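The structure appears below as structure tokens.
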Amino acid sequence: MLGFLTARQAGLDDPLRLRRAESTRRVLSLELNHDRDVDRIHSNGVNTLDIEVIEGRYMLSGGADGVIVVYDLENNTKKPQYTCKAVCTVGRSSRYVHRFSVETVQWYPHDTGMFVSSSFDKTMKVWDTETLKPAEVFQFEGNVYCHHMSPIARKHSLIAVGTKDQKVQLCDLKSGSHIHILQGHRGEVLSVRWSPRYEHILATASTDSRVLMWDVRRASGSLFSLDQHNGDKSKASSQAVNTAHNGRVNGLCFTEDGLYLLSTGTDDRMRLWNSANGENTLVNYGKVCNESRKGLKFTVSRGCIPEFVFVPCGSSVAVYALHTGELVTMLRGHYNNVDCCVLHHDYQELYSGGKDCNILAWVPVLRLPDIEEGTVAKKGGSQATVNPAFQDAWSTAPHEGGRGLTYCFWILLTILEVVTRP
């Protein structure tokens, strides 16, 4: 840490390098926080979570009981032990509550005054956060599995909706109407995701084992279908041609820059795709246990080197290195299957929800003073090692902690020698 600060002060280092190293360290040190609880409101499994990006303070949850809860994540007590309180709830006593399971909730990307929920009661509702009343209700012919609003869109206000009837519906927030239908899937649409790079690019996943990429400005169908064999027909059976998985595809997630797309399927596989050309990068994540018959909500880190994937895996959350497929750790704490997880990108804190009705908080371990100063901590004769992810470039060994200062001092001496030379 001292080396980072010294190099940054001397103008010798990238200003983002310290932030990336610290973000990586925090992700690698995530542990279940026993001092932080989240109010248990749901009487059935927690299906979906979302944290708003405006203030980074409020979290939405939706459950199989049809209930929607808004939590305040801020610690107002200033004490180490505290509970994230539910500030408002759309409960069973509300006349506006969903009649069946809530499958997806999402904050409006540009304002905390509105959020959207979709449910097995064949509706998608746009809510006013202040009044907790729906400002708009969209009706569908089949169960609604998922919806998504673009985080970057400026030229449209479309919500992509995946339903049981094989069609992807595009709903316009401004007009309150269904404006377009994307046809191409032959099964229920379990996941939809807008690209964070191009506002008109949409990815959809279905029970037909396919992932389709769309440009919603085109009326001629999908751009392409992701092929797990990259066009090599000798490796694919006749049924597996142009399929992304050998089972239901129930999860999609773009990386922060939108260059890559992750997909999960009930074939217990997770695949990383080049979103520009649909190429399978062939990263091997091993077996990723996936028994969900509905959508699976997972997330990717931001600002880390390397980036990490957090994906529900049975009763745990598996953490993988994005581009190598290495299993970094398994976060265990739930008593039943985990259905969703969301990362608070400002603090690298993870929240997960499962069928045990609990929402758990996974928080980075505080940096120890001896590690921060690049020294070696001796406990009972053993040495504490520093994770390479947050070692700085100036101090590569414990005894070289002052190397950055020495280097800067040498530069200053050289400059003074040149200036004072007759």
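To be explicit about the labels: the chains of the structure tokens are called A, B, and onward in the order shown, and within each one the residues are counted from 1, while ligands get numbers from 1 in the order they are shown.
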(request) May I have the residues within 9 Å of range 209-220 of chain A as JSON, numbers by chain, using only C-alpha atoms and disregarding those fewer than 6 positions away in the same chain? (result) {"A": [170, 180, 182, 184, 185, 186, 187, 200, 201, 202, 203, 226, 227, 240, 242, 243, 244, 245, 246, 247, 248, 249, 252, 263, 265, 275, 278]}
Would you save the residues of that selection, restricted to C-alpha atoms, as an mmCIF file, in the first residue's frame?
data_model
loop_
_atom_site.group_PDB
_atom_site.id
_atom_site.type_symbol
_atom_site.label_atom_id
_atom_site.label_comp_id
_atom_site.auth_asym_id
_atom_site.auth_seq_id
_atom_site.Cartn_x
_atom_site.Cartn_y
_atom_site.Cartn_z
ATOM 1 C CA LEU A 170 -40.480 -4.946 -25.940
ATOM 2 C CA HIS A 180 -42.536 -4.868 -30.688
ATOM 3 C CA LEU A 182 -38.921 -10.546 -31.179
ATOM 4 C CA GLY A 184 -36.938 -16.702 -32.894
ATOM 5 C CA HIS A 185 -36.943 -18.860 -29.778
ATOM 6 C CA ARG A 186 -38.771 -22.199 -29.657
ATOM 7 C CA GLY A 187 -39.138 -22.350 -25.876
ATOM 8 C CA HIS A 200 -29.786 -1.369 -29.090
ATOM 9 C CA ILE A 201 -28.107 -4.769 -28.577
ATOM 10 C CA LEU A 202 -30.061 -7.380 -26.610
ATOM 11 C CA ALA A 203 -29.222 -10.960 -25.580
ATOM 12 C CA LEU A 226 -24.379 -18.437 -30.081
ATOM 13 C CA ASP A 227 -22.824 -21.797 -30.982
ATOM 14 C CA ALA A 240 -26.888 -29.451 -30.847
ATOM 15 C CA ASN A 242 -26.239 -23.572 -33.067
ATOM 16 C CA THR A 243 -26.988 -24.212 -29.396
ATOM 17 C CA ALA A 244 -25.219 -22.467 -26.540
ATOM 18 C CA HIS A 245 -25.808 -25.254 -23.996
ATOM 19 C CA ASN A 246 -27.010 -28.851 -23.880
ATOM 20 C CA GLY A 247 -29.903 -27.908 -21.638
ATOM 21 C CA ARG A 248 -32.058 -24.963 -20.629
ATOM 22 C CA VAL A 249 -30.187 -21.634 -20.700
ATOM 23 C CA LEU A 252 -27.117 -14.190 -18.837
ATOM 24 C CA SER A 263 -24.345 -17.744 -19.948
ATOM 25 C CA GLY A 265 -27.356 -23.645 -18.320
ATOM 26 C CA SER A 275 -20.349 -10.513 -27.694
ATOM 27 C CA GLY A 278 -20.560 -14.750 -30.841
#
(request) Can you pull out every residue within 9 Å of range 344-356 of chain A, counting only C-alpha atoms, but drop anything in the same chain fewer than 5 positions away, and send it as a ChimeraX atom specification? (result) /A:23-24,26-27,30,44-49,51,53,56,61,64,301-303,310,312,315,317,334-339,361-364
(request) Check the DSSP output for the backbone and give back, as a list in words, the residues of range 80-109 of chain A in strand (DSSP E or B). (result) Tyr82, Thr83, Cys84, Lys85, Ala86, Val87, Cys88, Thr89, Val90, Val102, Glu103, Thr104, Val105, Gln106 and Trp107 of chain A
(request) Would you mind listing what lies within 9 Å of range 142-148 of chain A as a PyMOL selection string, with only C-alpha atoms counted and same-chain residues fewer than 5 positions away left out? (result) chain A and resi 102-106+116-124+158-165+188-194+294-295
Please produce an output containing N, CA, C and O atoms for each residue in the selection, written as a CSV table (one decimal), in the first residue's frame.
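File produced: selection-v4.csv:
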chain,number,residue,atom,x,y,z
A,102,VAL,N,-42.7,-13.3,-7.5
A,102,VAL,CA,-42.0,-12.2,-8.2
A,102,VAL,C,-40.6,-12.8,-8.7
A,102,VAL,O,-39.8,-13.2,-7.9
A,103,GLU,N,-40.4,-12.7,-10.0
A,103,GLU,CA,-39.2,-13.3,-10.6
A,103,GLU,C,-38.1,-12.3,-10.8
A,103,GLU,O,-36.9,-12.7,-10.7
A,104,THR,N,-38.4,-11.1,-11.0
A,104,THR,CA,-37.3,-10.1,-11.3
A,104,THR,C,-37.8,-8.7,-10.7
A,104,THR,O,-38.9,-8.3,-10.9
A,105,VAL,N,-36.8,-8.0,-10.1
A,105,VAL,CA,-37.0,-6.6,-9.7
A,105,VAL,C,-35.8,-5.8,-10.2
A,105,VAL,O,-34.7,-6.4,-10.2
A,106,GLN,N,-36.1,-4.6,-10.6
A,106,GLN,CA,-35.0,-3.8,-11.1
A,106,GLN,C,-35.3,-2.3,-10.8
A,106,GLN,O,-36.4,-1.8,-11.1
A,116,VAL,N,-39.2,-1.6,-11.3
A,116,VAL,CA,-40.1,-2.4,-12.1
A,116,VAL,C,-40.0,-3.8,-11.5
A,116,VAL,O,-38.9,-4.3,-11.2
A,117,SER,N,-41.1,-4.5,-11.5
A,117,SER,CA,-41.2,-5.9,-11.1
A,117,SER,C,-42.0,-6.7,-12.1
A,117,SER,O,-42.9,-6.2,-12.7
A,118,SER,N,-41.6,-8.0,-12.2
A,118,SER,CA,-42.4,-8.9,-13.0
A,118,SER,C,-42.7,-10.2,-12.3
A,118,SER,O,-41.9,-10.6,-11.4
A,119,SER,N,-43.7,-10.9,-12.7
A,119,SER,CA,-44.2,-12.0,-11.8
A,119,SER,C,-44.9,-13.1,-12.6
A,119,SER,O,-45.2,-12.9,-13.8
A,120,PHE,N,-45.1,-14.2,-11.9
A,120,PHE,CA,-45.8,-15.3,-12.5
A,120,PHE,C,-47.3,-15.1,-12.7
A,120,PHE,O,-48.1,-15.9,-13.2
A,121,ASP,N,-47.8,-13.9,-12.2
A,121,ASP,CA,-49.2,-13.6,-12.3
A,121,ASP,C,-49.5,-12.9,-13.7
A,121,ASP,O,-50.5,-12.3,-13.9
A,122,LYS,N,-48.4,-13.0,-14.6
A,122,LYS,CA,-48.6,-12.6,-16.0
A,122,LYS,C,-48.6,-11.1,-16.1
A,122,LYS,O,-49.1,-10.5,-17.1
A,123,THR,N,-48.0,-10.4,-15.1
A,123,THR,CA,-47.9,-8.9,-15.2
A,123,THR,C,-46.5,-8.4,-14.9
A,123,THR,O,-45.7,-9.1,-14.3
A,124,MET,N,-46.2,-7.2,-15.4
A,124,MET,CA,-45.1,-6.5,-15.1
A,124,MET,C,-45.5,-5.1,-14.6
A,124,MET,O,-46.3,-4.4,-15.3
A,158,LEU,N,-37.0,1.3,-23.6
A,158,LEU,CA,-37.7,-0.1,-23.7
A,158,LEU,C,-37.3,-1.0,-22.6
A,158,LEU,O,-36.2,-1.0,-22.1
A,159,ILE,N,-38.3,-1.8,-22.2
A,159,ILE,CA,-38.1,-2.9,-21.3
A,159,ILE,C,-38.2,-4.2,-22.1
A,159,ILE,O,-39.3,-4.4,-22.7
A,160,ALA,N,-37.2,-5.0,-22.1
A,160,ALA,CA,-37.3,-6.4,-22.7
A,160,ALA,C,-37.9,-7.3,-21.7
A,160,ALA,O,-37.5,-7.4,-20.5
A,161,VAL,N,-38.8,-8.1,-22.1
A,161,VAL,CA,-39.6,-9.0,-21.2
A,161,VAL,C,-39.5,-10.5,-21.8
A,161,VAL,O,-39.9,-10.7,-23.0
A,162,GLY,N,-39.1,-11.4,-21.0
A,162,GLY,CA,-39.1,-12.8,-21.4
A,162,GLY,C,-40.3,-13.5,-20.7
A,162,GLY,O,-40.5,-13.4,-19.5
A,163,THR,N,-41.1,-14.2,-21.5
A,163,THR,CA,-42.3,-14.9,-21.0
A,163,THR,C,-42.4,-16.4,-21.4
A,163,THR,O,-41.5,-16.9,-22.0
A,164,LYS,N,-43.5,-17.0,-21.0
A,164,LYS,CA,-43.6,-18.4,-21.3
A,164,LYS,C,-44.0,-18.7,-22.7
A,164,LYS,O,-43.8,-19.8,-23.2
A,165,ASP,N,-44.4,-17.7,-23.5
A,165,ASP,CA,-45.0,-18.0,-24.8
A,165,ASP,C,-43.9,-17.8,-25.9
A,165,ASP,O,-44.3,-17.6,-27.1
A,188,GLU,N,-39.6,-21.4,-23.7
A,188,GLU,CA,-39.8,-20.3,-22.8
A,188,GLU,C,-38.5,-19.4,-22.7
A,188,GLU,O,-37.4,-19.9,-22.6
A,189,VAL,N,-38.7,-18.1,-22.6
A,189,VAL,CA,-37.5,-17.2,-22.5
A,189,VAL,C,-37.3,-16.9,-21.0
A,189,VAL,O,-38.1,-16.3,-20.3
A,190,LEU,N,-36.1,-17.4,-20.6
A,190,LEU,CA,-35.8,-17.4,-19.1
A,190,LEU,C,-34.9,-16.2,-18.7
A,190,LEU,O,-34.8,-15.9,-17.5
A,191,SER,N,-34.2,-15.6,-19.7
A,191,SER,CA,-33.3,-14.5,-19.3
A,191,SER,C,-33.2,-13.5,-20.5
A,191,SER,O,-33.1,-14.0,-21.7
A,192,VAL,N,-33.2,-12.2,-20.2
A,192,VAL,CA,-32.9,-11.2,-21.2
A,192,VAL,C,-31.9,-10.2,-20.6
A,192,VAL,O,-31.9,-9.9,-19.4
A,193,ARG,N,-31.1,-9.6,-21.5
A,193,ARG,CA,-30.1,-8.7,-21.0
A,193,ARG,C,-29.7,-7.7,-22.1
A,193,ARG,O,-29.3,-8.1,-23.2
A,194,TRP,N,-29.8,-6.4,-21.8
A,194,TRP,CA,-29.3,-5.4,-22.7
A,194,TRP,C,-27.8,-5.2,-22.5
A,194,TRP,O,-27.2,-5.4,-21.4
A,294,LYS,N,-36.0,-22.0,-13.3
A,294,LYS,CA,-36.4,-20.7,-13.7
A,294,LYS,C,-35.1,-19.9,-14.0
A,294,LYS,O,-34.0,-20.5,-14.2
A,295,GLY,N,-35.1,-18.6,-14.0
A,295,GLY,CA,-34.0,-17.8,-14.3
A,295,GLY,C,-33.0,-17.8,-13.1
A,295,GLY,O,-33.4,-17.8,-11.9
(request) Have a look at CA of Asn284 in chain A and CA of Thr324 in chain A and let me know their distance in Å, one decimal. (result)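 Atom-to-atom, CA of Asn284 in chain A and CA of Thr324 in chain A are spaced 7.4 Å apart.
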(request) For Ser177 in chain A, please output as a list in words all residues within 12 Å (counting only C-alpha atoms; exclusion window: fewer than 3 positions along the same chain). (result)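 The neighbour list is Met124, Glu136, Val137, Phe138, Gln139, Phe140, Ser157, Leu158, Ile159, Gln169, Leu170, Cys171, Asp172, Leu173, Lys174, His180 and Ile181 of chain A.
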Keeping only all heavy atoms, write the selected residues to a file as a compact mmCIF listing (two decimals), in the first residue's frame.
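Result saved to result30.txt:
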# COMPACT_ATOMS: atom_id res chain seq x y z
N MET A 124 -46.25 -7.23 -15.45
CA MET A 124 -45.06 -6.47 -15.10
C MET A 124 -45.54 -5.10 -14.64
O MET A 124 -46.33 -4.45 -15.32
CB MET A 124 -44.11 -6.31 -16.29
CG MET A 124 -42.85 -5.50 -15.98
SD MET A 124 -41.72 -5.37 -17.39
CE MET A 124 -42.68 -4.34 -18.50
N GLU A 136 -47.90 1.96 -13.84
CA GLU A 136 -48.26 1.30 -15.09
C GLU A 136 -48.23 -0.20 -14.87
O GLU A 136 -47.39 -0.73 -14.14
CB GLU A 136 -47.27 1.67 -16.21
CG GLU A 136 -47.71 1.26 -17.60
CD GLU A 136 -48.90 2.07 -18.10
OE1 GLU A 136 -48.82 3.30 -18.10
OE2 GLU A 136 -49.91 1.42 -18.48
N VAL A 137 -49.18 -0.91 -15.49
CA VAL A 137 -49.23 -2.37 -15.40
C VAL A 137 -49.31 -2.94 -16.81
O VAL A 137 -50.22 -2.60 -17.57
CB VAL A 137 -50.44 -2.85 -14.57
CG1 VAL A 137 -50.47 -4.38 -14.54
CG2 VAL A 137 -50.38 -2.29 -13.15
N PHE A 138 -48.34 -3.79 -17.16
CA PHE A 138 -48.33 -4.45 -18.46
C PHE A 138 -48.84 -5.89 -18.28
O PHE A 138 -48.36 -6.62 -17.41
CB PHE A 138 -46.91 -4.49 -19.04
CG PHE A 138 -46.35 -3.14 -19.39
CD1 PHE A 138 -45.66 -2.39 -18.46
CD2 PHE A 138 -46.52 -2.61 -20.67
CE1 PHE A 138 -45.13 -1.15 -18.78
CE2 PHE A 138 -46.00 -1.36 -21.00
CZ PHE A 138 -45.30 -0.64 -20.05
N GLN A 139 -49.80 -6.27 -19.11
CA GLN A 139 -50.39 -7.61 -19.05
C GLN A 139 -49.81 -8.48 -20.16
O GLN A 139 -49.57 -8.01 -21.27
CB GLN A 139 -51.92 -7.52 -19.21
CG GLN A 139 -52.62 -6.71 -18.15
CD GLN A 139 -52.77 -7.46 -16.84
OE1 GLN A 139 -52.58 -8.69 -16.78
NE2 GLN A 139 -53.13 -6.75 -15.77
N PHE A 140 -49.59 -9.78 -19.84
CA PHE A 140 -49.04 -10.73 -20.82
C PHE A 140 -49.89 -11.99 -20.83
O PHE A 140 -50.66 -12.26 -19.91
CB PHE A 140 -47.59 -11.05 -20.48
CG PHE A 140 -46.67 -9.86 -20.48
CD1 PHE A 140 -46.46 -9.13 -19.32
CD2 PHE A 140 -46.06 -9.44 -21.64
CE1 PHE A 140 -45.63 -8.03 -19.31
CE2 PHE A 140 -45.22 -8.33 -21.64
CZ PHE A 140 -45.02 -7.62 -20.48
N SER A 157 -36.63 3.93 -24.31
CA SER A 157 -36.99 3.59 -22.93
C SER A 157 -37.68 2.24 -22.93
O SER A 157 -38.75 2.08 -22.35
CB SER A 157 -37.90 4.66 -22.34
OG SER A 157 -39.05 4.86 -23.16
N LEU A 158 -37.05 1.26 -23.58
CA LEU A 158 -37.65 -0.06 -23.75
C LEU A 158 -37.31 -0.99 -22.59
O LEU A 158 -36.20 -0.96 -22.06
CB LEU A 158 -37.18 -0.69 -25.07
CG LEU A 158 -37.50 0.07 -26.36
CD1 LEU A 158 -36.91 -0.65 -27.55
CD2 LEU A 158 -39.01 0.23 -26.51
N ILE A 159 -38.27 -1.82 -22.24
CA ILE A 159 -38.06 -2.90 -21.29
C ILE A 159 -38.23 -4.21 -22.06
O ILE A 159 -39.28 -4.45 -22.67
CB ILE A 159 -39.06 -2.87 -20.12
CG1 ILE A 159 -39.05 -1.50 -19.43
CG2 ILE A 159 -38.73 -3.96 -19.11
CD1 ILE A 159 -40.09 -1.39 -18.32
N GLN A 169 -40.94 -9.73 -25.61
CA GLN A 169 -41.77 -8.54 -25.76
C GLN A 169 -40.94 -7.30 -25.43
O GLN A 169 -40.17 -7.30 -24.47
CB GLN A 169 -42.97 -8.60 -24.82
CG GLN A 169 -43.78 -9.86 -24.94
CD GLN A 169 -45.00 -9.68 -25.83
OE1 GLN A 169 -45.21 -8.61 -26.40
NE2 GLN A 169 -45.80 -10.71 -25.95
N LEU A 170 -41.10 -6.24 -26.22
CA LEU A 170 -40.48 -4.95 -25.94
C LEU A 170 -41.58 -3.98 -25.54
O LEU A 170 -42.49 -3.69 -26.34
CB LEU A 170 -39.72 -4.43 -27.16
CG LEU A 170 -38.54 -5.27 -27.64
CD1 LEU A 170 -37.85 -4.60 -28.83
CD2 LEU A 170 -37.54 -5.52 -26.52
N CYS A 171 -41.50 -3.49 -24.31
CA CYS A 171 -42.50 -2.56 -23.79
C CYS A 171 -41.88 -1.17 -23.64
O CYS A 171 -40.74 -1.05 -23.17
CB CYS A 171 -43.02 -3.03 -22.44
SG CYS A 171 -43.77 -4.67 -22.48
N ASP A 172 -42.64 -0.16 -24.03
CA ASP A 172 -42.15 1.22 -23.99
C ASP A 172 -42.68 1.92 -22.73
O ASP A 172 -43.89 2.02 -22.52
CB ASP A 172 -42.62 1.96 -25.24
CG ASP A 172 -41.97 3.33 -25.35
OD1 ASP A 172 -41.03 3.61 -24.56
OD2 ASP A 172 -42.39 4.12 -26.21
N LEU A 173 -41.74 2.41 -21.90
CA LEU A 173 -42.14 3.10 -20.68
C LEU A 173 -42.86 4.40 -20.98
O LEU A 173 -43.76 4.81 -20.23
CB LEU A 173 -40.89 3.39 -19.83
CG LEU A 173 -40.48 2.34 -18.79
CD1 LEU A 173 -39.22 2.79 -18.07
CD2 LEU A 173 -41.60 2.08 -17.80
N LYS A 174 -42.47 5.09 -22.04
CA LYS A 174 -43.07 6.40 -22.34
C LYS A 174 -44.52 6.28 -22.76
O LYS A 174 -45.38 7.05 -22.31
CB LYS A 174 -42.25 7.09 -23.43
CG LYS A 174 -40.87 7.52 -22.98
CD LYS A 174 -40.13 8.24 -24.10
CE LYS A 174 -38.75 8.70 -23.63
NZ LYS A 174 -37.99 9.39 -24.72
N HIS A 180 -43.21 -3.97 -29.75
CA HIS A 180 -42.54 -4.87 -30.69
C HIS A 180 -42.43 -6.26 -30.08
O HIS A 180 -42.39 -6.43 -28.86
CB HIS A 180 -41.15 -4.33 -31.03
CG HIS A 180 -40.54 -4.95 -32.25
ND1 HIS A 180 -41.20 -5.10 -33.44
CD2 HIS A 180 -39.30 -5.49 -32.46
CE1 HIS A 180 -40.42 -5.68 -34.33
NE2 HIS A 180 -39.25 -5.93 -33.76
N ILE A 181 -42.35 -7.27 -30.95
CA ILE A 181 -42.17 -8.66 -30.53
C ILE A 181 -40.98 -9.23 -31.29
O ILE A 181 -40.87 -9.08 -32.51
CB ILE A 181 -43.43 -9.50 -30.82
CG1 ILE A 181 -44.60 -9.02 -29.95
CG2 ILE A 181 -43.16 -10.98 -30.57
CD1 ILE A 181 -45.90 -9.74 -30.25
(message) List the spatial neighbours of range 11-20 of chain A as an MDAnalysis selection string - criterion: any atom at most 8 Å away, only C-alpha atoms, same-chain residues fewer than 6 positions off excluded.
(response) chainID A and resid 4:5 303:305
Could you write out that same residue set with N, CA, C and O atoms as a short mmCIF file (atom, residue, chain, number, x, y, z; two decimals), in the first residue's frame?
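Result written to again_28.cif:
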data_model
loop_
_atom_site.label_atom_id
_atom_site.label_comp_id
_atom_site.auth_asym_id
_atom_site.auth_seq_id
_atom_site.Cartn_x
_atom_site.Cartn_y
_atom_site.Cartn_z
N PHE A 4 2.18 1.97 -3.40
CA PHE A 4 1.15 2.54 -4.28
C PHE A 4 1.02 4.05 -4.04
O PHE A 4 1.01 4.85 -4.98
N LEU A 5 0.91 4.43 -2.78
CA LEU A 5 0.69 5.84 -2.44
C LEU A 5 1.89 6.69 -2.83
O LEU A 5 1.74 7.80 -3.33
N GLY A 303 -13.93 -3.29 -12.12
CA GLY A 303 -12.75 -2.58 -11.66
C GLY A 303 -11.73 -3.45 -10.96
O GLY A 303 -10.88 -2.92 -10.23
N CYS A 304 -11.79 -4.77 -11.15
CA CYS A 304 -10.81 -5.66 -10.54
C CYS A 304 -9.83 -6.18 -11.60
O CYS A 304 -10.12 -6.16 -12.79
N ILE A 305 -8.68 -6.64 -11.16
CA ILE A 305 -7.71 -7.28 -12.05
C ILE A 305 -7.25 -8.56 -11.37
O ILE A 305 -6.50 -8.51 -10.39
#
(request) Might you pull out every residue within 6 Å of Asn280 in chain A, with only C-alpha atoms counted and same-chain residues fewer than 2 positions away left off, and present them as a PyMOL selection string? (result) chain A and resi 228+273+282
I'd like the contact shell of Leu262 in chain A - 7 Å cut-off, only C-alpha atoms, skipping same-chain residues fewer than 3 positions apart - returned as a compact mmCIF listing (two decimals) with C-alpha atoms, in the first residue's frame.
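Below you can see around.txt, which holds the result:
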# COMPACT_ATOMS: atom_id res chain seq x y z
CA LEU A 252 -27.12 -14.19 -18.84
CA CYS A 253 -24.74 -11.45 -17.72
CA PHE A 254 -22.54 -9.01 -19.64
CA MET A 270 -21.04 -21.67 -17.70
CA ARG A 271 -19.67 -20.23 -20.93
CA LEU A 272 -17.94 -16.97 -21.85
CA TRP A 273 -18.73 -15.50 -25.27
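The gap separating CA of Pro151 in chain A from CA of Asp208 in chain A is 27.2 Å, in Å to one decimal.
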(request) Tell me which of A:Glu199, A:Ser206, A:Lys133, A:Asn274 sits closest to Lys155 in chain A, counting only C-alpha atoms. (result) A:Glu199
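Put simply, CA of Tyr285 in chain A is 7.3 Å away from CA of Arg269 in chain A.
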